[in-house]
>>> print(open('coords_4.txt').read())   # compact mmCIF, C-alpha atoms
# COMPACT_ATOMS: atom_id res chain seq x y z
CA MET A 1 0.00 0.00 0.00
CA LYS A 2 2.77 2.40 0.92
CA ARG A 3 4.56 1.52 -2.33
CA THR A 4 1.40 2.21 -4.39
CA LEU A 5 0.94 5.56 -2.67
CA THR A 6 4.55 6.52 -3.37
CA LEU A 7 4.19 5.47 -7.03
CA ARG A 8 1.00 7.55 -7.42
CA ALA A 9 2.67 10.58 -5.84
CA ALA A 10 5.64 10.21 -8.19
CA LEU A 11 3.38 9.95 -11.24
CA LEU A 12 1.45 13.04 -10.18
CA ALA A 13 4.68 15.00 -9.64
CA LEU A 14 6.21 13.91 -12.98
CA PRO A 15 4.45 16.55 -15.12
CA LEU A 16 5.55 19.28 -12.71
CA LEU A 17 9.15 18.10 -12.80
CA LEU A 18 9.17 17.81 -16.60
CA GLY A 19 7.61 21.25 -16.93
CA ALA A 20 10.31 22.75 -14.75
CA CYS A 21 13.01 21.19 -16.92
CA SER A 22 11.66 22.47 -20.20
CA THR A 23 12.81 25.75 -21.64
CA THR A 24 10.23 28.36 -22.40
CA ARG A 25 9.90 29.29 -26.05
CA GLU A 26 8.37 32.58 -27.07
CA ASP A 27 6.29 32.24 -30.20
CA THR A 28 7.66 34.25 -33.07
CA ASN A 29 5.17 36.85 -34.19
CA TYR A 30 5.21 40.14 -36.04
CA THR A 31 5.99 42.12 -32.91
CA SER A 32 9.04 40.05 -31.98
CA VAL A 33 10.32 40.02 -35.58
CA SER A 34 9.90 43.76 -36.08
CA ALA A 35 11.63 44.39 -32.73
CA ASN A 36 14.72 42.50 -33.92
CA ALA A 37 17.56 45.00 -34.46
CA PHE A 38 18.71 43.37 -37.73
CA VAL A 39 15.24 43.41 -39.28
CA ALA A 40 14.52 46.90 -37.94
CA ALA A 41 17.72 48.30 -39.49
CA ASN A 42 16.87 46.82 -42.89
CA TYR A 43 13.27 48.04 -42.69
CA ARG A 44 14.46 51.57 -41.80
CA ALA A 45 16.77 51.47 -44.84
CA ALA A 46 13.90 50.45 -47.12
CA ASP A 47 11.68 53.13 -45.61
CA ALA A 48 14.40 55.74 -46.26
CA LEU A 49 14.64 54.64 -49.90
CA ALA A 50 10.85 54.73 -50.31
CA LEU A 51 10.70 58.24 -48.87
CA GLN A 52 13.36 59.46 -51.33
CA LEU A 53 11.56 57.79 -54.25
CA ARG A 54 8.25 59.59 -53.73
CA GLY A 55 7.25 61.22 -56.97
CA LYS A 56 10.20 59.77 -58.90
CA LEU A 57 8.66 56.44 -59.97
CA GLY A 58 5.47 55.45 -61.68
CA ASP A 59 3.03 52.96 -60.21
CA GLU A 60 2.75 50.75 -63.27
CA LYS A 61 6.26 49.27 -63.60
CA PRO A 62 8.05 47.07 -61.05
CA LEU A 63 11.41 47.37 -59.34
CA ILE A 64 14.02 44.63 -59.26
CA MET A 65 16.03 43.81 -56.15
CA ALA A 66 19.60 42.72 -56.81
CA THR A 67 21.53 40.80 -54.18
CA ILE A 68 23.62 42.95 -51.85
CA VAL A 69 27.24 42.03 -52.59
CA ASN A 70 30.62 42.12 -50.88
CA ILE A 71 32.27 45.42 -51.87
CA ASP A 72 35.69 43.75 -52.09
CA ALA A 73 34.42 40.98 -54.38
CA LEU A 74 31.40 42.20 -56.36
CA GLU A 75 30.58 38.72 -57.62
CA GLN A 76 30.34 37.33 -54.10
CA THR A 77 27.81 37.63 -51.34
CA SER A 78 26.84 35.81 -48.17
CA MET A 79 23.76 34.85 -46.23
CA LEU A 80 23.85 38.39 -44.85
CA GLY A 81 23.75 39.94 -48.34
CA ARG A 82 20.94 37.67 -49.47
CA LEU A 83 18.86 38.25 -46.34
CA VAL A 84 19.32 42.03 -46.40
CA SER A 85 18.12 41.96 -50.03
CA GLU A 86 15.08 39.88 -49.11
CA GLN A 87 14.13 42.16 -46.22
CA LEU A 88 14.58 45.35 -48.27
CA SER A 89 12.40 43.91 -51.03
CA THR A 90 9.76 42.78 -48.55
CA ARG A 91 9.59 46.15 -46.86
CA LEU A 92 9.37 48.04 -50.17
CA ALA A 93 6.53 45.72 -51.21
CA GLN A 94 4.79 46.31 -47.87
CA GLY A 95 4.95 50.02 -48.69
CA GLY A 96 3.10 49.45 -51.96
CA MET A 97 5.94 49.22 -54.47
CA LYS A 98 5.76 46.52 -57.12
CA MET A 99 8.76 44.30 -56.48
CA LEU A 100 9.59 41.70 -59.13
CA GLU A 101 10.66 38.39 -57.57
CA MET A 102 13.69 37.41 -59.62
CA LYS A 103 14.10 33.96 -58.08
CA LEU A 104 11.02 32.88 -60.01
CA ARG A 105 12.47 34.04 -63.32
CA ASN A 106 14.48 31.42 -65.19
CA SER A 107 15.88 33.89 -67.70
CA VAL A 108 18.15 35.52 -65.09
CA TYR A 109 21.47 33.89 -64.30
CA LEU A 110 21.64 32.84 -60.67
CA LYS A 111 25.04 31.87 -59.36
CA ARG A 112 24.65 28.83 -57.11
CA GLY A 113 24.48 29.88 -53.48
CA GLN A 114 24.81 33.57 -54.31
CA GLY A 115 21.45 34.91 -55.43
CA GLU A 116 20.56 37.52 -58.02
CA LEU A 117 23.90 39.17 -58.66
CA MET A 118 23.85 42.10 -61.03
CA LEU A 119 26.81 44.04 -62.28
CA THR A 120 26.37 47.47 -63.86
CA ARG A 121 26.57 46.11 -67.41
CA GLU A 122 23.74 43.65 -66.69
CA ILE A 123 21.33 46.06 -65.00
CA GLY A 124 20.04 47.67 -68.19
CA GLU A 125 19.55 44.36 -69.97
CA VAL A 126 17.72 42.69 -67.09
CA ALA A 127 15.56 45.73 -66.32
CA SER A 128 14.60 46.10 -69.98
CA ALA A 129 13.77 42.40 -70.32
CA HIS A 130 11.46 42.60 -67.29
CA ASN A 131 10.09 46.10 -67.95
CA ALA A 132 11.48 47.34 -64.63
CA GLN A 133 11.73 51.06 -63.99
CA ALA A 134 14.46 50.76 -61.38
CA VAL A 135 16.85 48.33 -59.73
CA VAL A 136 17.78 48.28 -56.05
CA VAL A 137 21.47 47.44 -55.68
CA GLY A 138 23.90 47.52 -52.81
CA SER A 139 27.10 46.41 -51.21
CA TYR A 140 28.45 45.68 -47.76
CA ALA A 141 31.90 46.03 -46.24
CA GLU A 142 32.89 44.33 -43.04
CA THR A 143 35.31 45.45 -40.39
CA ARG A 144 36.21 43.74 -37.16
CA ASP A 145 33.23 45.21 -35.29
CA ALA A 146 30.70 46.34 -37.90
CA VAL A 147 29.19 45.81 -41.32
CA PHE A 148 28.66 48.93 -43.42
CA ILE A 149 25.82 48.64 -45.93
CA ASN A 150 25.10 50.91 -48.89
CA VAL A 151 21.91 50.58 -50.93
CA LYS A 152 20.85 52.55 -53.99
CA VAL A 153 17.93 52.65 -56.37
CA ILE A 154 19.22 53.07 -59.92
CA GLN A 155 17.31 54.04 -63.03
CA PRO A 156 18.65 51.51 -65.54
CA SER A 157 18.15 53.57 -68.69
CA THR A 158 20.38 56.39 -67.39
CA ASN A 159 22.34 54.76 -64.51
CA LEU A 160 21.22 57.70 -62.37
CA VAL A 161 20.92 57.08 -58.65
CA LEU A 162 17.35 57.94 -57.63
CA ALA A 163 17.75 57.14 -53.94
CA GLY A 164 20.47 55.97 -51.59
CA HIS A 165 20.97 55.01 -47.99
CA ASP A 166 23.92 53.95 -45.80
CA TYR A 167 23.70 52.16 -42.49
CA VAL A 168 25.78 50.09 -40.10
CA LEU A 169 25.09 46.77 -38.40
CA ALA A 170 26.96 45.71 -35.29
CA LYS A 171 28.99 42.60 -36.08
CA GLU A 172 27.54 40.58 -33.24
CA GLY A 173 26.98 36.80 -33.18
CA THR A 174 24.09 36.52 -35.62
CA VAL A 175 25.53 38.96 -38.15
CA ARG A 176 28.97 37.34 -37.86
CA SER A 177 27.50 33.89 -38.55
CA MET A 178 25.63 35.16 -41.63
CA LEU A 179 28.87 36.55 -43.06
CA GLN A 180 30.65 33.22 -42.68
CA SER A 181 28.06 31.21 -44.58
CA ASN A 182 27.89 31.23 -48.34
>>> encode(input="coords_4.txt", output="structure tokens")
Amino acid sequence: MKRTLTLRAALLALPLLLGACSTTREDTNYTSVSANAFVAANYRAADALALQLRGKLGDEKPLIMATIVNIDALEQTSMLGRLVSEQLSTRLAQGGMKMLEMKLRNSVYLKRGQGELMLTREIGEVASAHNAQAVVVGSYAETRDAVFINVKVIQPSTNLVLAGHDYVLAKEGTVRSMLQSN
């Protein structure tokens, strides 16, 4: 009888013990994502571009987002460059701009593991082929403690810069890991 009572007490206490051992996980939602410093910095950059573009672009034609590249090797990027590009494009689309998703286009050369890389000589050709009025391009440079990012919106027919923005990301753990992966 005493053994049965002890066994029942142990079984009743088991869920409490297991609950105490588990780690709490906060569900990811819009509030937690938008509060992330990395995402917030990229969204502020896109907002700055959108503000500068007011009245300079028509509503009918799309924009193309090129992959943000390493300034020291313009044909190379990293997870950081690809993710910054994705977040800029997303934010511009959230603001009402027509963003053309290049990953769904098979007529654009995609370097394996790099993304949509566009050099100056290719911008006009790609924009013309897709009837784009502008291309968002950019580069990043890393130092020991920071990553400096430059983004510009270029009118492909004239190569004129319509908007530009510079910002800096602290080279903390997450940013550092994104730079190391290709």
>>> closest_residue(input="coords_4.txt", among="A:Thr143, A:Asn159, A:Thr67, A:Gln133", to="Arg82 (chain A)", atoms="all atoms listed in the file")
A:Thr67
>>> atom_distance(input="coords_4.txt", atom1="CA of Asn70 (chain A)", atom2="CA of Glu142 (chain A)")
8.5 Å
>>> atom_distance(input="coords_4.txt", atom1="CA of Ser177 (chain A)", atom2="CA of Val153 (chain A)")
27.6 Å
>>> atom_distance(input="coords_4.txt", atom1="CA of Ser139 (chain A)", atom2="CA of Val151 (chain A)")
6.7 Å
>>> residues_around(input="coords_4.txt", residues="Ala134 (chain A)", least_positions_apart="3", cutoff="12 Å", atoms="only C-alpha atoms", output="mmCIF file with C-alpha atoms, keeping the file's coordinate frame")
data_model
loop_
_atom_site.group_PDB
_atom_site.id
_atom_site.type_symbol
_atom_site.label_atom_id
_atom_site.label_comp_id
_atom_site.auth_asym_id
_atom_site.auth_seq_id
_atom_site.Cartn_x
_atom_site.Cartn_y
_atom_site.Cartn_z
ATOM 1 C CA LEU A 53 11.560 57.790 -54.250
ATOM 2 C CA LYS A 56 10.200 59.770 -58.900
ATOM 3 C CA LEU A 57 8.660 56.440 -59.970
ATOM 4 C CA GLY A 58 5.470 55.450 -61.680
ATOM 5 C CA ASP A 59 3.030 52.960 -60.210
ATOM 6 C CA GLU A 60 2.750 50.750 -63.270
ATOM 7 C CA LYS A 61 6.260 49.270 -63.600
ATOM 8 C CA PRO A 62 8.050 47.070 -61.050
ATOM 9 C CA LEU A 63 11.410 47.370 -59.340
ATOM 10 C CA ILE A 64 14.020 44.630 -59.260
ATOM 11 C CA MET A 65 16.030 43.810 -56.150
ATOM 12 C CA ALA A 66 19.600 42.720 -56.810
ATOM 13 C CA MET A 97 5.940 49.220 -54.470
ATOM 14 C CA LYS A 98 5.760 46.520 -57.120
ATOM 15 C CA MET A 99 8.760 44.300 -56.480
ATOM 16 C CA LEU A 100 9.590 41.700 -59.130
ATOM 17 C CA ILE A 123 21.330 46.060 -65.000
ATOM 18 C CA GLY A 124 20.040 47.670 -68.190
ATOM 19 C CA GLU A 125 19.550 44.360 -69.970
ATOM 20 C CA VAL A 126 17.720 42.690 -67.090
ATOM 21 C CA ALA A 127 15.560 45.730 -66.320
ATOM 22 C CA SER A 128 14.600 46.100 -69.980
ATOM 23 C CA HIS A 130 11.460 42.600 -67.290
ATOM 24 C CA ASN A 131 10.090 46.100 -67.950
ATOM 25 C CA VAL A 137 21.470 47.440 -55.680
ATOM 26 C CA LYS A 152 20.850 52.550 -53.990
ATOM 27 C CA VAL A 153 17.930 52.650 -56.370
ATOM 28 C CA ILE A 154 19.220 53.070 -59.920
ATOM 29 C CA GLN A 155 17.310 54.040 -63.030
ATOM 30 C CA PRO A 156 18.650 51.510 -65.540
ATOM 31 C CA SER A 157 18.150 53.570 -68.690
ATOM 32 C CA THR A 158 20.380 56.390 -67.390
ATOM 33 C CA ASN A 159 22.340 54.760 -64.510
ATOM 34 C CA LEU A 160 21.220 57.700 -62.370
ATOM 35 C CA VAL A 161 20.920 57.080 -58.650
ATOM 36 C CA LEU A 162 17.350 57.940 -57.630
ATOM 37 C CA ALA A 163 17.750 57.140 -53.940
#
>>> closest_residue(input="coords_4.txt", among="A:Leu88, A:Val168, A:Met102, A:Ala40", to="Tyr140 (chain A)", atoms="only C-alpha atoms")
A:Val168
>>> residues_around(input="coords_4.txt", residues="Gln94 (chain A)", least_positions_apart="4", cutoff="12 Å", atoms="only C-alpha atoms", output="PyMOL selection string")
chain A and resi 43+46-47+50+87-90+98-99
>>> residues_near_point(input="coords_4.txt", point="(33.5, 43.2, -48.6)", cutoff="10 Å", atoms="only C-alpha atoms", output="list of chain:residue names")
A:Val69, A:Asn70, A:Ile71, A:Asp72, A:Ala73, A:Leu74, A:Gln76, A:Thr77, A:Ser78, A:Ser139, A:Tyr140, A:Ala141, A:Glu142, A:Thr143, A:Val147, A:Phe148, A:Ile149, A:Leu179
>>> closest_residue(input="coords_4.txt", among="A:Ala132, A:Val175, A:Asp166, A:Val84", to="Arg144 (chain A)", atoms="only C-alpha atoms")
A:Val175
>>> closest_residue(input="coords_4.txt", among="A:Leu80, A:Arg44, A:Leu49, A:Ile68", to="Gly164 (chain A)", atoms="all atoms listed in the file")
A:Leu49
